[in-house]
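Working notes, beginning with the structure itself.
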Amino acid sequence: MRKRPKFLTQDKTIISQKVKEAFSSVLPITLIVLLLCVTFTPLDSGLFLSFIVGAFFVILGMGLFTLGADTAMTPIGEYVGGSVMRTKKLWIIIPVCFIVGVLITVSEPDLQVLASQLTKTMNAWTLIIAVGVGVGVFLVIAFLRIVFKIRLSYLLLIMYVAVFALSFFVPDIFVPLAFDSGGVTTGPMSVPFIIAIGTGVASMRSDNASETDGFGLTALCSIGPILSVMILGIIFKPETIDTTAETLISIENSRDLMYLFGTNIPHYLKEVAIALLPIVAFFFIFRIFGAKLSKKNVNRILIGVLYTYVGLVLFLTGVNVGFLPVGTTIGQSLGSLPYNWIVIPIGMIIGYYVVAAEPAVHVLTKQVFELTAGAIPKKALRFSLMIGVSVSVGLAMLRILFDIPIMYFLIPGYLTAIVLTFVVPEMFTAIAFDSGGVASGAMTASFLMPLALGICSTVGANVATQGFGVVAMVAMTPLITIQFLGLIFKIKSRKLETKNNSPTIEEIIE
Amino acid sequence: MKGLKYLITITKREYSEDYIAFFRNHGVKTVLSQLCNGTATESTLSLLGLEKTEKVMFNTIIPEDEVAPLIKGFLTEMDISSAGNGIAVFLPIDSIGGASSLKTFIGEKTIEKKENDMNLNESKNVLIITIVNKGNTDLVMNAARGAGAGGGTVVRGKGTGAELAKFFGVSISEEKEMIYIVSRRDARDGIMKAIMENAGAHTDAHGVIFSLPIDTVVGLKLFENVD
């Protein structure tokens, strides 16, 4: 007889499930880094300790964040998306989408980091506003696409042709950064929210495109920032990008460690609060003219907001205090090895596991699972993402070592992705282009990027042209791997279809 | 339609794959799975968003001679009678749309048509289905619990009505929730009346409600004790 499923645990809560999920997604990358620390890249014990503590923060933060995403972020997003569409008035949809897009982007913590790298050439707020407007405009485009039933492939084709055409007028050092900004600005707060807006719209439609159209919002929203930053590059013609890495604080003892985390937490408390504020505000504004919600539901959502807040603060503190300096240090030591080609395989392994620790990935895989009623399993999607990111980090490392311009990868990559959009089912196109923004989140920005910058600094590569661009690569490869998954899906489901061609009308059997 | 049964199985979502394997082992041809949620029971846990409510519903059509082996399997292999593990209800089927549909459901098997099919009024249990506007499940469940119902299962759906509201290319439907409650026949009237009173058509919930006869039910400890 088949073995009995494990029914022993009659746990009524989801706590153990969430903890397990968070553990299994963060543990692999932690173990790999630990392994590197005892082999190729010895770390000083203070840094090592802060990494361990950081990993704990990340695990705890991840668990709380995904819980909060389920109970607050997703319901709010769905609520906002559904309410906007239900108004059935373009003069409401357009300005509301624009404002939602601008505000969630402007409050995204990752954008502040990007802006700080350009303070020498332009005012930080110029960049922030420009990127916000970029996302706002594209969120409007994404909604109008749904309303007027424009195929996503055509829009993506037009937009990416525009992006690449524009890139020829942009100073070379600015191109990698522009592509990075597309991935970075769609960060841990805005991505789950935008995805949920999409599902909210999908849940109130009854036509056959409703599931497909549930995705694709993030895909279009990632293009906005690329275009905005490129236009800024053309206007300001920057000659340098500030790439000075933050000086590492040495940790002598346990008190220093405590001090380091203690001084960083308030910073993230403030940042995450700013990021969450507009979302909570939208929720209350929409309650005025949206569908009625019971008091219990509202309370549950507010408690969920609290989980999201605490979770994201812990996650960002852990990543930035624990992971970022370790990324830089490992990068530097790997780059200085005589056999530094080893960064390619190591990068690929790190890339493979790091994407699982990206909070937004959990939100996407879950939404896909629910919207397709389980037809696309979480595992398949996650595996495609992991392969994708693994390849992209490998290529990024190759680029650093051999000084290859980023366009040599981006042009063929996006060309393949766009061609695939006309072959695979539209649903996979939408999910694939959404994952681009999803995969390149907080983990990529504060671990993969420092790793690449660290390697750059020791192998003597140009940081602006070679070091940046990691995020862009991470945002690109899932477009291909997930559409491949769609291709496999299409071929397999075609095989399963047994056609019954007999036109005879059968009798009803009673 | 004698000789065929409609089997609805509801269980925790994490057991999905175990159940799919279980159905495959028992030769069930077509399994349609659908995501659903259990209704909250503990108010504090549910308020904190910590209660595990994700469930999955399997819809299958099986020949009548498979009922007994399946029930045995549910009880021994899947341990369905332990609290919270799930519930399986067998419902009668009226007719089937042609031989090819039948083949899809049960394969090459032939079905025996027994004449001693039970009278519908004799069924001891009923499946009460309530359709309300989204967000009113708690209202329905509170009313139902007050009248002695155990738990329920919610499936999200879309109401399309007779006329579709259109906005350019987008057809806009109402979001609905379907609540499945299994109850004893003698408790049926109380539960249905309570729901009609609190969430019926005259309320904002716009509830519509009906019940189906159940042949057999396994799982849900409540019923084991009563029989």
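Labeling convention for the structure tokens: chains A, B, ... as they appear, residues from 1 per chain, ligands from 1 in order of appearance.
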
Note to self: I want to know what sits within 12 Å of Glu507 in chain A, based on only C-alpha atoms, with residues of the same chain fewer than 3 positions away left out; could you give that as number ranges by chain?
What the structure shows: A: 504, 510; B: 95-102

Give me the chain A side of the contact with chain B, cut-off 8 Å, one line per residue showing its nearest atom pair and distance in Å at one decimal, counting only C-alpha atoms, sorted by chain and residue number, as JSON lines.
```
{"residue": "A:Arg2", "atom": "CA", "partner": "B:Glu77", "partner_atom": "CA", "distance": 7.7}
{"residue": "A:Lys3", "atom": "CA", "partner": "B:Glu77", "partner_atom": "CA", "distance": 7.9}
{"residue": "A:Arg4", "atom": "CA", "partner": "B:Glu77", "partner_atom": "CA", "distance": 5.9}
{"residue": "A:Pro5", "atom": "CA", "partner": "B:Asp18", "partner_atom": "CA", "distance": 6.6}
{"residue": "A:Phe7", "atom": "CA", "partner": "B:Asn85", "partner_atom": "CA", "distance": 7.5}
{"residue": "A:Gln10", "atom": "CA", "partner": "B:Gly84", "partner_atom": "CA", "distance": 7.6}
{"residue": "A:Lys12", "atom": "CA", "partner": "B:Lys52", "partner_atom": "CA", "distance": 5.7}
{"residue": "A:Thr13", "atom": "CA", "partner": "B:Glu51", "partner_atom": "CA", "distance": 4.6}
{"residue": "A:Ile14", "atom": "CA", "partner": "B:Lys52", "partner_atom": "CA", "distance": 5.0}
{"residue": "A:Ile15", "atom": "CA", "partner": "B:Leu50", "partner_atom": "CA", "distance": 6.6}
{"residue": "A:Leu67", "atom": "CA", "partner": "B:Gly49", "partner_atom": "CA", "distance": 7.8}
{"residue": "A:Thr71", "atom": "CA", "partner": "B:Gly49", "partner_atom": "CA", "distance": 6.0}
{"residue": "A:Arg86", "atom": "CA", "partner": "B:Ile172", "partner_atom": "CA", "distance": 7.3}
{"residue": "A:Lys88", "atom": "CA", "partner": "B:Phe167", "partner_atom": "CA", "distance": 6.0}
{"residue": "A:Ile146", "atom": "CA", "partner": "B:Val170", "partner_atom": "CA", "distance": 7.3}
{"residue": "A:Val147", "atom": "CA", "partner": "B:Gly169", "partner_atom": "CA", "distance": 5.5}
{"residue": "A:Phe148", "atom": "CA", "partner": "B:Gly169", "partner_atom": "CA", "distance": 5.5}
{"residue": "A:Lys149", "atom": "CA", "partner": "B:Gly169", "partner_atom": "CA", "distance": 5.9}
{"residue": "A:Ser203", "atom": "CA", "partner": "B:Glu175", "partner_atom": "CA", "distance": 7.1}
{"residue": "A:Met204", "atom": "CA", "partner": "B:Ser173", "partner_atom": "CA", "distance": 5.3}
{"residue": "A:Arg205", "atom": "CA", "partner": "B:Ile172", "partner_atom": "CA", "distance": 4.7}
{"residue": "A:Ser206", "atom": "CA", "partner": "B:Ser173", "partner_atom": "CA", "distance": 5.8}
{"residue": "A:Asp207", "atom": "CA", "partner": "B:Ser171", "partner_atom": "CA", "distance": 6.0}
{"residue": "A:Leu293", "atom": "CA", "partner": "B:Gly135", "partner_atom": "CA", "distance": 6.7}
{"residue": "A:Ser294", "atom": "CA", "partner": "B:Gly135", "partner_atom": "CA", "distance": 7.3}
{"residue": "A:Lys296", "atom": "CA", "partner": "B:Leu47", "partner_atom": "CA", "distance": 7.0}
{"residue": "A:Asn297", "atom": "CA", "partner": "B:Leu47", "partner_atom": "CA", "distance": 7.9}
{"residue": "A:Asn299", "atom": "CA", "partner": "B:Leu47", "partner_atom": "CA", "distance": 7.0}
{"residue": "A:Arg300", "atom": "CA", "partner": "B:Leu47", "partner_atom": "CA", "distance": 5.0}
{"residue": "A:Ile303", "atom": "CA", "partner": "B:Leu48", "partner_atom": "CA", "distance": 6.4}
{"residue": "A:Gly304", "atom": "CA", "partner": "B:Gly49", "partner_atom": "CA", "distance": 7.0}
{"residue": "A:Glu370", "atom": "CA", "partner": "B:Leu35", "partner_atom": "CA", "distance": 7.2}
{"residue": "A:Ala373", "atom": "CA", "partner": "B:Gln34", "partner_atom": "CA", "distance": 6.1}
{"residue": "A:Gly374", "atom": "CA", "partner": "B:Leu35", "partner_atom": "CA", "distance": 7.6}
{"residue": "A:Glu506", "atom": "CA", "partner": "B:Gly98", "partner_atom": "CA", "distance": 4.9}
{"residue": "A:Glu507", "atom": "CA", "partner": "B:Gly98", "partner_atom": "CA", "distance": 5.1}
{"residue": "A:Ile508", "atom": "CA", "partner": "B:Gly97", "partner_atom": "CA", "distance": 4.6}
{"residue": "A:Ile509", "atom": "CA", "partner": "B:Ile96", "partner_atom": "CA", "distance": 5.0}
{"residue": "A:Glu510", "atom": "CA", "partner": "B:Met1", "partner_atom": "CA", "distance": 4.4}
```

Store the residues of this selection in a file with N, CA and C atoms, as a CSV table (one decimal), in the first residue's frame.
```csv
chain,number,residue,atom,x,y,z
A,2,ARG,N,0.4,2.3,-0.6
A,2,ARG,CA,1.1,3.5,-0.7
A,2,ARG,C,1.3,4.1,0.7
A,3,LYS,N,2.4,4.8,0.9
A,3,LYS,CA,2.6,5.3,2.2
A,3,LYS,C,1.6,6.4,2.6
A,4,ARG,N,1.2,6.4,3.8
A,4,ARG,CA,0.2,7.4,4.2
A,4,ARG,C,0.7,8.8,4.1
A,5,PRO,N,0.0,9.8,3.7
A,5,PRO,CA,0.5,11.1,3.8
A,5,PRO,C,0.6,11.5,5.2
A,7,PHE,N,-0.3,13.0,8.1
A,7,PHE,CA,-1.5,13.8,8.6
A,7,PHE,C,-1.3,14.0,10.1
A,10,GLN,N,-1.7,18.2,13.1
A,10,GLN,CA,-2.9,18.8,13.0
A,10,GLN,C,-2.8,20.3,13.4
A,12,LYS,N,-3.4,24.0,13.1
A,12,LYS,CA,-4.5,24.9,12.5
A,12,LYS,C,-3.9,26.2,11.9
A,13,THR,N,-2.7,26.5,12.3
A,13,THR,CA,-2.1,27.8,11.8
A,13,THR,C,-1.2,27.6,10.7
A,14,ILE,N,-0.9,28.7,10.0
A,14,ILE,CA,0.0,28.6,8.9
A,14,ILE,C,1.4,29.0,9.3
A,15,ILE,N,1.7,29.2,10.6
A,15,ILE,CA,3.0,29.7,11.1
A,15,ILE,C,4.1,28.7,10.7
A,67,LEU,N,3.6,36.5,4.7
A,67,LEU,CA,2.4,36.4,5.4
A,67,LEU,C,1.6,37.8,5.2
A,71,THR,N,-2.1,38.5,3.5
A,71,THR,CA,-3.2,39.1,4.2
A,71,THR,C,-3.5,40.6,4.0
A,86,ARG,N,-14.0,48.9,-12.1
A,86,ARG,CA,-15.5,48.9,-12.0
A,86,ARG,C,-16.1,50.2,-12.2
A,88,LYS,N,-15.7,52.0,-14.6
A,88,LYS,CA,-16.0,52.0,-16.1
A,88,LYS,C,-15.9,53.4,-16.6
A,146,ILE,N,-5.6,46.6,-21.4
A,146,ILE,CA,-6.6,45.6,-21.0
A,146,ILE,C,-8.0,46.1,-21.6
A,147,VAL,N,-8.2,47.4,-21.4
A,147,VAL,CA,-9.5,47.9,-21.8
A,147,VAL,C,-9.7,47.7,-23.3
A,148,PHE,N,-8.7,48.1,-24.1
A,148,PHE,CA,-8.9,48.1,-25.5
A,148,PHE,C,-8.4,46.8,-26.2
A,149,LYS,N,-8.1,45.8,-25.3
A,149,LYS,CA,-7.7,44.5,-25.8
A,149,LYS,C,-6.6,44.5,-26.8
A,203,SER,N,-10.2,39.3,-11.6
A,203,SER,CA,-11.2,38.7,-10.8
A,203,SER,C,-12.6,39.2,-11.1
A,204,MET,N,-12.7,40.4,-11.7
A,204,MET,CA,-14.1,40.9,-12.0
A,204,MET,C,-14.5,40.8,-13.4
A,205,ARG,N,-13.7,40.1,-14.2
A,205,ARG,CA,-14.0,40.0,-15.6
A,205,ARG,C,-14.5,38.6,-15.9
A,206,SER,N,-15.3,38.5,-16.9
A,206,SER,CA,-15.8,37.1,-17.2
A,206,SER,C,-15.4,36.7,-18.6
A,207,ASP,N,-14.6,37.5,-19.3
A,207,ASP,CA,-14.2,37.0,-20.7
A,207,ASP,C,-13.0,36.1,-20.6
A,293,LEU,N,-16.5,46.7,2.6
A,293,LEU,CA,-15.7,45.7,3.3
A,293,LEU,C,-16.2,45.6,4.7
A,294,SER,N,-16.3,44.3,5.2
A,294,SER,CA,-16.7,44.2,6.6
A,294,SER,C,-15.6,44.7,7.5
A,296,LYS,N,-14.3,43.3,10.0
A,296,LYS,CA,-13.4,42.3,10.3
A,296,LYS,C,-12.3,42.2,9.2
A,297,ASN,N,-12.8,42.3,8.0
A,297,ASN,CA,-11.8,42.3,6.9
A,297,ASN,C,-10.8,43.4,6.9
A,299,ASN,N,-9.9,45.1,9.6
A,299,ASN,CA,-8.9,44.8,10.7
A,299,ASN,C,-7.9,43.8,10.3
A,300,ARG,N,-8.3,42.8,9.6
A,300,ARG,CA,-7.4,41.7,9.2
A,300,ARG,C,-6.3,42.3,8.2
A,303,ILE,N,-3.8,44.4,10.2
A,303,ILE,CA,-2.8,43.6,10.9
A,303,ILE,C,-1.8,43.0,9.9
A,304,GLY,N,-2.3,42.7,8.7
A,304,GLY,CA,-1.4,42.2,7.6
A,304,GLY,C,-0.4,43.3,7.2
A,370,GLU,N,-2.8,30.5,-8.2
A,370,GLU,CA,-4.2,30.7,-8.0
A,370,GLU,C,-5.0,31.2,-9.2
A,373,ALA,N,-5.6,28.3,-11.4
A,373,ALA,CA,-6.2,27.2,-10.7
A,373,ALA,C,-5.3,26.0,-10.6
A,374,GLY,N,-4.0,26.3,-10.4
A,374,GLY,CA,-3.0,25.2,-10.2
A,374,GLY,C,-2.5,24.6,-11.4
A,506,GLU,N,-24.6,12.7,-30.1
A,506,GLU,CA,-24.8,11.5,-29.3
A,506,GLU,C,-26.1,11.7,-28.5
A,507,GLU,N,-26.5,10.5,-28.0
A,507,GLU,CA,-27.7,10.5,-27.2
A,507,GLU,C,-27.4,10.9,-25.7
A,508,ILE,N,-28.3,11.5,-25.0
A,508,ILE,CA,-28.1,11.7,-23.6
A,508,ILE,C,-28.4,10.4,-22.9
A,509,ILE,N,-27.5,10.0,-22.0
A,509,ILE,CA,-27.7,8.8,-21.2
A,509,ILE,C,-28.4,9.1,-19.9
A,510,GLU,N,-29.5,8.5,-19.7
A,510,GLU,CA,-30.2,8.7,-18.4
A,510,GLU,C,-30.1,7.5,-17.5
```

If you run DSSP over the backbone, which residues in range 162-237 of chain A end up helix (DSSP H, G or I)? Put them as an mmCIF file with N, CA and C atoms, in the first residue's frame.
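Once written, result.cif looks like this:
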```cif
data_model
loop_
_atom_site.group_PDB
_atom_site.id
_atom_site.type_symbol
_atom_site.label_atom_id
_atom_site.label_comp_id
_atom_site.auth_asym_id
_atom_site.auth_seq_id
_atom_site.Cartn_x
_atom_site.Cartn_y
_atom_site.Cartn_z
ATOM 1 N N ALA A 162 11.608 50.902 -29.149
ATOM 2 C CA ALA A 162 11.837 52.287 -28.743
ATOM 3 C C ALA A 162 13.018 52.367 -27.780
ATOM 4 N N VAL A 163 13.062 51.431 -26.812
ATOM 5 C CA VAL A 163 14.132 51.445 -25.819
ATOM 6 C C VAL A 163 15.489 51.287 -26.495
ATOM 7 N N PHE A 164 15.595 50.305 -27.400
ATOM 8 C CA PHE A 164 16.890 50.063 -28.024
ATOM 9 C C PHE A 164 17.267 51.177 -28.990
ATOM 10 N N ALA A 165 16.274 51.751 -29.665
ATOM 11 C CA ALA A 165 16.567 52.869 -30.557
ATOM 12 C C ALA A 165 17.112 54.037 -29.755
ATOM 13 N N LEU A 166 16.479 54.290 -28.625
ATOM 14 C CA LEU A 166 16.896 55.404 -27.788
ATOM 15 C C LEU A 166 18.289 55.180 -27.222
ATOM 16 N N SER A 167 18.620 53.915 -26.966
ATOM 17 C CA SER A 167 19.878 53.619 -26.287
ATOM 18 C C SER A 167 21.094 54.062 -27.109
ATOM 19 N N ASP A 172 27.455 55.930 -23.374
ATOM 20 C CA ASP A 172 27.710 54.517 -23.100
ATOM 21 C C ASP A 172 27.667 54.142 -21.621
ATOM 22 N N ILE A 173 28.269 54.991 -20.794
ATOM 23 C CA ILE A 173 28.343 54.625 -19.375
ATOM 24 C C ILE A 173 26.966 54.613 -18.730
ATOM 25 N N PHE A 174 26.007 55.183 -19.406
ATOM 26 C CA PHE A 174 24.689 55.330 -18.810
ATOM 27 C C PHE A 174 23.757 54.185 -19.158
ATOM 28 N N VAL A 175 24.105 53.443 -20.210
ATOM 29 C CA VAL A 175 23.192 52.400 -20.698
ATOM 30 C C VAL A 175 22.943 51.293 -19.663
ATOM 31 N N PRO A 176 24.013 50.690 -19.089
ATOM 32 C CA PRO A 176 23.758 49.621 -18.102
ATOM 33 C C PRO A 176 22.899 50.111 -16.943
ATOM 34 N N LEU A 177 23.194 51.330 -16.491
ATOM 35 C CA LEU A 177 22.451 51.877 -15.366
ATOM 36 C C LEU A 177 20.969 52.043 -15.719
ATOM 37 N N ALA A 178 20.705 52.496 -16.955
ATOM 38 C CA ALA A 178 19.320 52.695 -17.380
ATOM 39 C C ALA A 178 18.562 51.368 -17.353
ATOM 40 N N PHE A 179 19.199 50.311 -17.876
ATOM 41 C CA PHE A 179 18.524 49.012 -17.880
ATOM 42 C C PHE A 179 18.354 48.479 -16.464
ATOM 43 N N ASP A 180 19.358 48.727 -15.624
ATOM 44 C CA ASP A 180 19.251 48.299 -14.224
ATOM 45 C C ASP A 180 18.057 48.942 -13.544
ATOM 46 N N SER A 181 17.839 50.221 -13.853
ATOM 47 C CA SER A 181 16.789 50.952 -13.142
ATOM 48 C C SER A 181 15.420 50.328 -13.391
ATOM 49 N N GLY A 182 15.252 49.713 -14.561
ATOM 50 C CA GLY A 182 13.986 49.046 -14.843
ATOM 51 C C GLY A 182 13.711 47.941 -13.851
ATOM 52 N N GLY A 183 14.765 47.184 -13.537
ATOM 53 C CA GLY A 183 14.590 46.092 -12.589
ATOM 54 C C GLY A 183 14.528 46.560 -11.155
ATOM 55 N N VAL A 184 15.371 47.560 -10.860
ATOM 56 C CA VAL A 184 15.505 47.984 -9.470
ATOM 57 C C VAL A 184 14.265 48.701 -8.960
ATOM 58 N N THR A 185 13.721 49.580 -9.797
ATOM 59 C CA THR A 185 12.621 50.404 -9.292
ATOM 60 C C THR A 185 11.353 49.608 -9.065
ATOM 61 N N SER A 190 6.462 47.603 -4.606
ATOM 62 C CA SER A 190 5.578 47.900 -5.729
ATOM 63 C C SER A 190 5.197 46.659 -6.528
ATOM 64 N N VAL A 191 6.109 45.698 -6.654
ATOM 65 C CA VAL A 191 5.804 44.536 -7.495
ATOM 66 C C VAL A 191 4.598 43.734 -6.984
ATOM 67 N N PRO A 192 4.603 43.320 -5.703
ATOM 68 C CA PRO A 192 3.425 42.573 -5.245
ATOM 69 C C PRO A 192 2.142 43.381 -5.399
ATOM 70 N N PHE A 193 2.263 44.680 -5.191
ATOM 71 C CA PHE A 193 1.090 45.543 -5.283
ATOM 72 C C PHE A 193 0.579 45.619 -6.723
ATOM 73 N N ILE A 194 1.502 45.808 -7.651
ATOM 74 C CA ILE A 194 1.090 45.903 -9.058
ATOM 75 C C ILE A 194 0.514 44.569 -9.540
ATOM 76 N N ILE A 195 1.147 43.464 -9.133
ATOM 77 C CA ILE A 195 0.628 42.143 -9.529
ATOM 78 C C ILE A 195 -0.791 41.971 -9.005
ATOM 79 N N ALA A 196 -1.000 42.387 -7.750
ATOM 80 C CA ALA A 196 -2.327 42.241 -7.150
ATOM 81 C C ALA A 196 -3.357 43.110 -7.853
ATOM 82 N N ILE A 197 -2.958 44.287 -8.303
ATOM 83 C CA ILE A 197 -3.889 45.134 -9.061
ATOM 84 C C ILE A 197 -4.361 44.367 -10.289
ATOM 85 N N GLY A 198 -3.409 43.699 -10.930
ATOM 86 C CA GLY A 198 -3.748 42.894 -12.108
ATOM 87 C C GLY A 198 -4.741 41.799 -11.793
ATOM 88 N N THR A 199 -4.517 41.073 -10.688
ATOM 89 C CA THR A 199 -5.445 39.989 -10.351
ATOM 90 C C THR A 199 -6.792 40.555 -9.954
ATOM 91 N N GLY A 200 -6.790 41.742 -9.349
ATOM 92 C CA GLY A 200 -8.055 42.385 -8.989
ATOM 93 C C GLY A 200 -8.891 42.662 -10.230
ATOM 94 N N VAL A 201 -8.227 43.132 -11.268
ATOM 95 C CA VAL A 201 -8.930 43.392 -12.528
ATOM 96 C C VAL A 201 -9.424 42.070 -13.107
ATOM 97 N N ALA A 202 -8.562 41.062 -13.048
ATOM 98 C CA ALA A 202 -8.925 39.759 -13.626
ATOM 99 C C ALA A 202 -10.134 39.154 -12.919
ATOM 100 N N SER A 203 -10.204 39.349 -11.597
ATOM 101 C CA SER A 203 -11.248 38.665 -10.830
ATOM 102 C C SER A 203 -12.639 39.206 -11.112
ATOM 103 N N SER A 210 -9.402 37.143 -19.237
ATOM 104 C CA SER A 210 -9.253 37.733 -17.911
ATOM 105 C C SER A 210 -8.042 37.187 -17.162
ATOM 106 N N GLU A 211 -7.765 35.901 -17.291
ATOM 107 C CA GLU A 211 -6.619 35.356 -16.577
ATOM 108 C C GLU A 211 -5.305 35.872 -17.145
ATOM 109 N N THR A 212 -5.235 35.874 -18.467
ATOM 110 C CA THR A 212 -4.021 36.352 -19.123
ATOM 111 C C THR A 212 -3.751 37.797 -18.747
ATOM 112 N N ASP A 213 -4.780 38.615 -18.787
ATOM 113 C CA ASP A 213 -4.596 40.032 -18.531
ATOM 114 C C ASP A 213 -4.293 40.329 -17.076
ATOM 115 N N LEU A 217 1.158 43.661 -16.097
ATOM 116 C CA LEU A 217 1.240 45.049 -15.612
ATOM 117 C C LEU A 217 2.675 45.383 -15.220
ATOM 118 N N THR A 218 3.294 44.501 -14.422
ATOM 119 C CA THR A 218 4.674 44.732 -14.004
ATOM 120 C C THR A 218 5.584 44.783 -15.224
ATOM 121 N N ALA A 219 5.273 43.925 -16.206
ATOM 122 C CA ALA A 219 6.082 43.862 -17.416
ATOM 123 C C ALA A 219 6.176 45.241 -18.051
ATOM 124 N N LEU A 220 5.020 45.887 -18.225
ATOM 125 C CA LEU A 220 5.023 47.201 -18.857
ATOM 126 C C LEU A 220 5.606 48.253 -17.928
ATOM 127 N N CYS A 221 5.319 48.114 -16.621
ATOM 128 C CA CYS A 221 5.818 49.112 -15.676
ATOM 129 C C CYS A 221 7.342 49.103 -15.575
ATOM 130 N N ILE A 223 9.306 48.958 -18.057
ATOM 131 C CA ILE A 223 9.884 49.672 -19.202
ATOM 132 C C ILE A 223 9.966 51.171 -18.920
ATOM 133 N N GLY A 224 8.989 51.675 -18.183
ATOM 134 C CA GLY A 224 8.939 53.111 -17.882
ATOM 135 C C GLY A 224 10.246 53.683 -17.373
ATOM 136 N N PRO A 225 10.788 53.088 -16.274
ATOM 137 C CA PRO A 225 12.021 53.626 -15.721
ATOM 138 C C PRO A 225 13.187 53.591 -16.707
ATOM 139 N N ILE A 226 13.263 52.542 -17.543
ATOM 140 C CA ILE A 226 14.376 52.463 -18.503
ATOM 141 C C ILE A 226 14.320 53.670 -19.422
ATOM 142 N N LEU A 227 13.131 53.930 -19.967
ATOM 143 C CA LEU A 227 12.979 55.063 -20.873
ATOM 144 C C LEU A 227 13.269 56.384 -20.165
ATOM 145 N N SER A 228 12.729 56.523 -18.929
ATOM 146 C CA SER A 228 12.941 57.785 -18.192
ATOM 147 C C SER A 228 14.415 58.043 -17.973
ATOM 148 N N VAL A 229 15.129 57.015 -17.483
ATOM 149 C CA VAL A 229 16.543 57.225 -17.169
ATOM 150 C C VAL A 229 17.334 57.504 -18.446
ATOM 151 N N MET A 230 16.953 56.847 -19.545
ATOM 152 C CA MET A 230 17.652 57.113 -20.811
ATOM 153 C C MET A 230 17.437 58.544 -21.264
ATOM 154 N N ILE A 231 16.202 59.015 -21.151
ATOM 155 C CA ILE A 231 15.922 60.391 -21.554
ATOM 156 C C ILE A 231 16.716 61.363 -20.688
ATOM 157 N N LEU A 232 16.781 61.078 -19.385
ATOM 158 C CA LEU A 232 17.591 61.925 -18.501
ATOM 159 C C LEU A 232 19.045 61.897 -18.941
ATOM 160 N N GLY A 233 19.523 60.710 -19.350
ATOM 161 C CA GLY A 233 20.907 60.568 -19.791
ATOM 162 C C GLY A 233 21.187 61.420 -21.009
ATOM 163 N N ILE A 234 20.187 61.489 -21.918
ATOM 164 C CA ILE A 234 20.377 62.291 -23.126
ATOM 165 C C ILE A 234 20.402 63.776 -22.777
ATOM 166 N N ILE A 235 19.533 64.159 -21.826
ATOM 167 C CA ILE A 235 19.463 65.576 -21.457
ATOM 168 C C ILE A 235 20.712 66.018 -20.693
ATOM 169 N N PHE A 236 21.102 65.212 -19.671
ATOM 170 C CA PHE A 236 22.167 65.674 -18.775
ATOM 171 C C PHE A 236 23.566 65.270 -19.233
#
```

Item checked: Distance query range 411-414 of chain A at most 10 Å, only C-alpha atoms, self and fewer than 2 positions along chain excluded, as a ChimeraX atom specification -> /A:157,160-161,164,406-409,416-420,473,476-477,479-480

Next item on the list: Please measure the separation of CA of Leu314 in chain A and CA of Leu47 in chain A, giving the value in Å to one decimal.
Entry: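 Interatomic distance here is 18.2 Å.
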
Check: For Val84 in chain A, which of A:Val135, A:Val310, A:Leu381, A:Ile285 is the closest residue, counting only C-alpha atoms?
Finding: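 Closest to Val84 in chain A, using only C-alpha atoms: A:Ile285.
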
Margin query: Which residues are close to Ala380 in chain A, i.e. within 12 Å by only C-alpha atoms, leaving aside same-chain residues fewer than 2 positions away? Reply as a list in words.
Written below: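 Within the cut-off, the hits are Thr365, Lys366, Val368, Phe369, Gly374, Ala375, Ile376, Pro377, Lys378, Arg382, Phe383, Ser384, Leu385, Met386, Ile387, Thr481, Ile482, Gln483, Phe484, Leu485, Gly486, Ile488 and Phe489 of chain A.
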
So that I can see what lies close to range 438-440 of chain A, please list as a JSON list (two decimals) with N, CA, C and O atoms, in the first residue's frame the residues with an atom at most 6 Å from it, counting only C-alpha atoms and leaving out residues fewer than 4 positions away in the same chain.
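In the end it all went to part.json:
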```json
[["chain", "number", "residue", "atom", "x", "y", "z"],
["A", 183, "GLY", "N", 14.76, 47.18, -13.54],
["A", 183, "GLY", "CA", 14.59, 46.09, -12.59],
["A", 183, "GLY", "C", 14.53, 46.56, -11.16],
["A", 183, "GLY", "O", 13.75, 46.07, -10.35],
["A", 360, "ALA", "N", 9.46, 39.01, -3.68],
["A", 360, "ALA", "CA", 8.40, 39.16, -4.66],
["A", 360, "ALA", "C", 8.16, 37.88, -5.46],
["A", 360, "ALA", "O", 7.07, 37.65, -5.99],
["A", 361, "VAL", "N", 9.19, 37.03, -5.52],
["A", 361, "VAL", "CA", 9.05, 35.77, -6.26],
["A", 361, "VAL", "C", 7.94, 34.91, -5.66],
["A", 361, "VAL", "O", 7.14, 34.31, -6.37],
["A", 444, "THR", "N", 18.85, 41.01, -5.37],
["A", 444, "THR", "CA", 19.75, 41.29, -6.49],
["A", 444, "THR", "C", 20.48, 42.61, -6.25],
["A", 444, "THR", "O", 21.69, 42.69, -6.43],
["A", 471, "VAL", "N", 21.74, 43.69, -12.81],
["A", 471, "VAL", "CA", 20.29, 43.69, -12.61],
["A", 471, "VAL", "C", 19.58, 43.56, -13.95],
["A", 471, "VAL", "O", 18.61, 42.81, -14.09],
["A", 474, "VAL", "N", 19.68, 40.02, -14.98],
["A", 474, "VAL", "CA", 18.76, 39.21, -14.17],
["A", 474, "VAL", "C", 17.32, 39.45, -14.61],
["A", 474, "VAL", "O", 16.49, 38.55, -14.59],
["A", 475, "ALA", "N", 17.03, 40.68, -15.03],
["A", 475, "ALA", "CA", 15.68, 40.99, -15.46],
["A", 475, "ALA", "C", 15.38, 40.45, -16.85],
["A", 475, "ALA", "O", 14.23, 40.34, -17.24]]
```
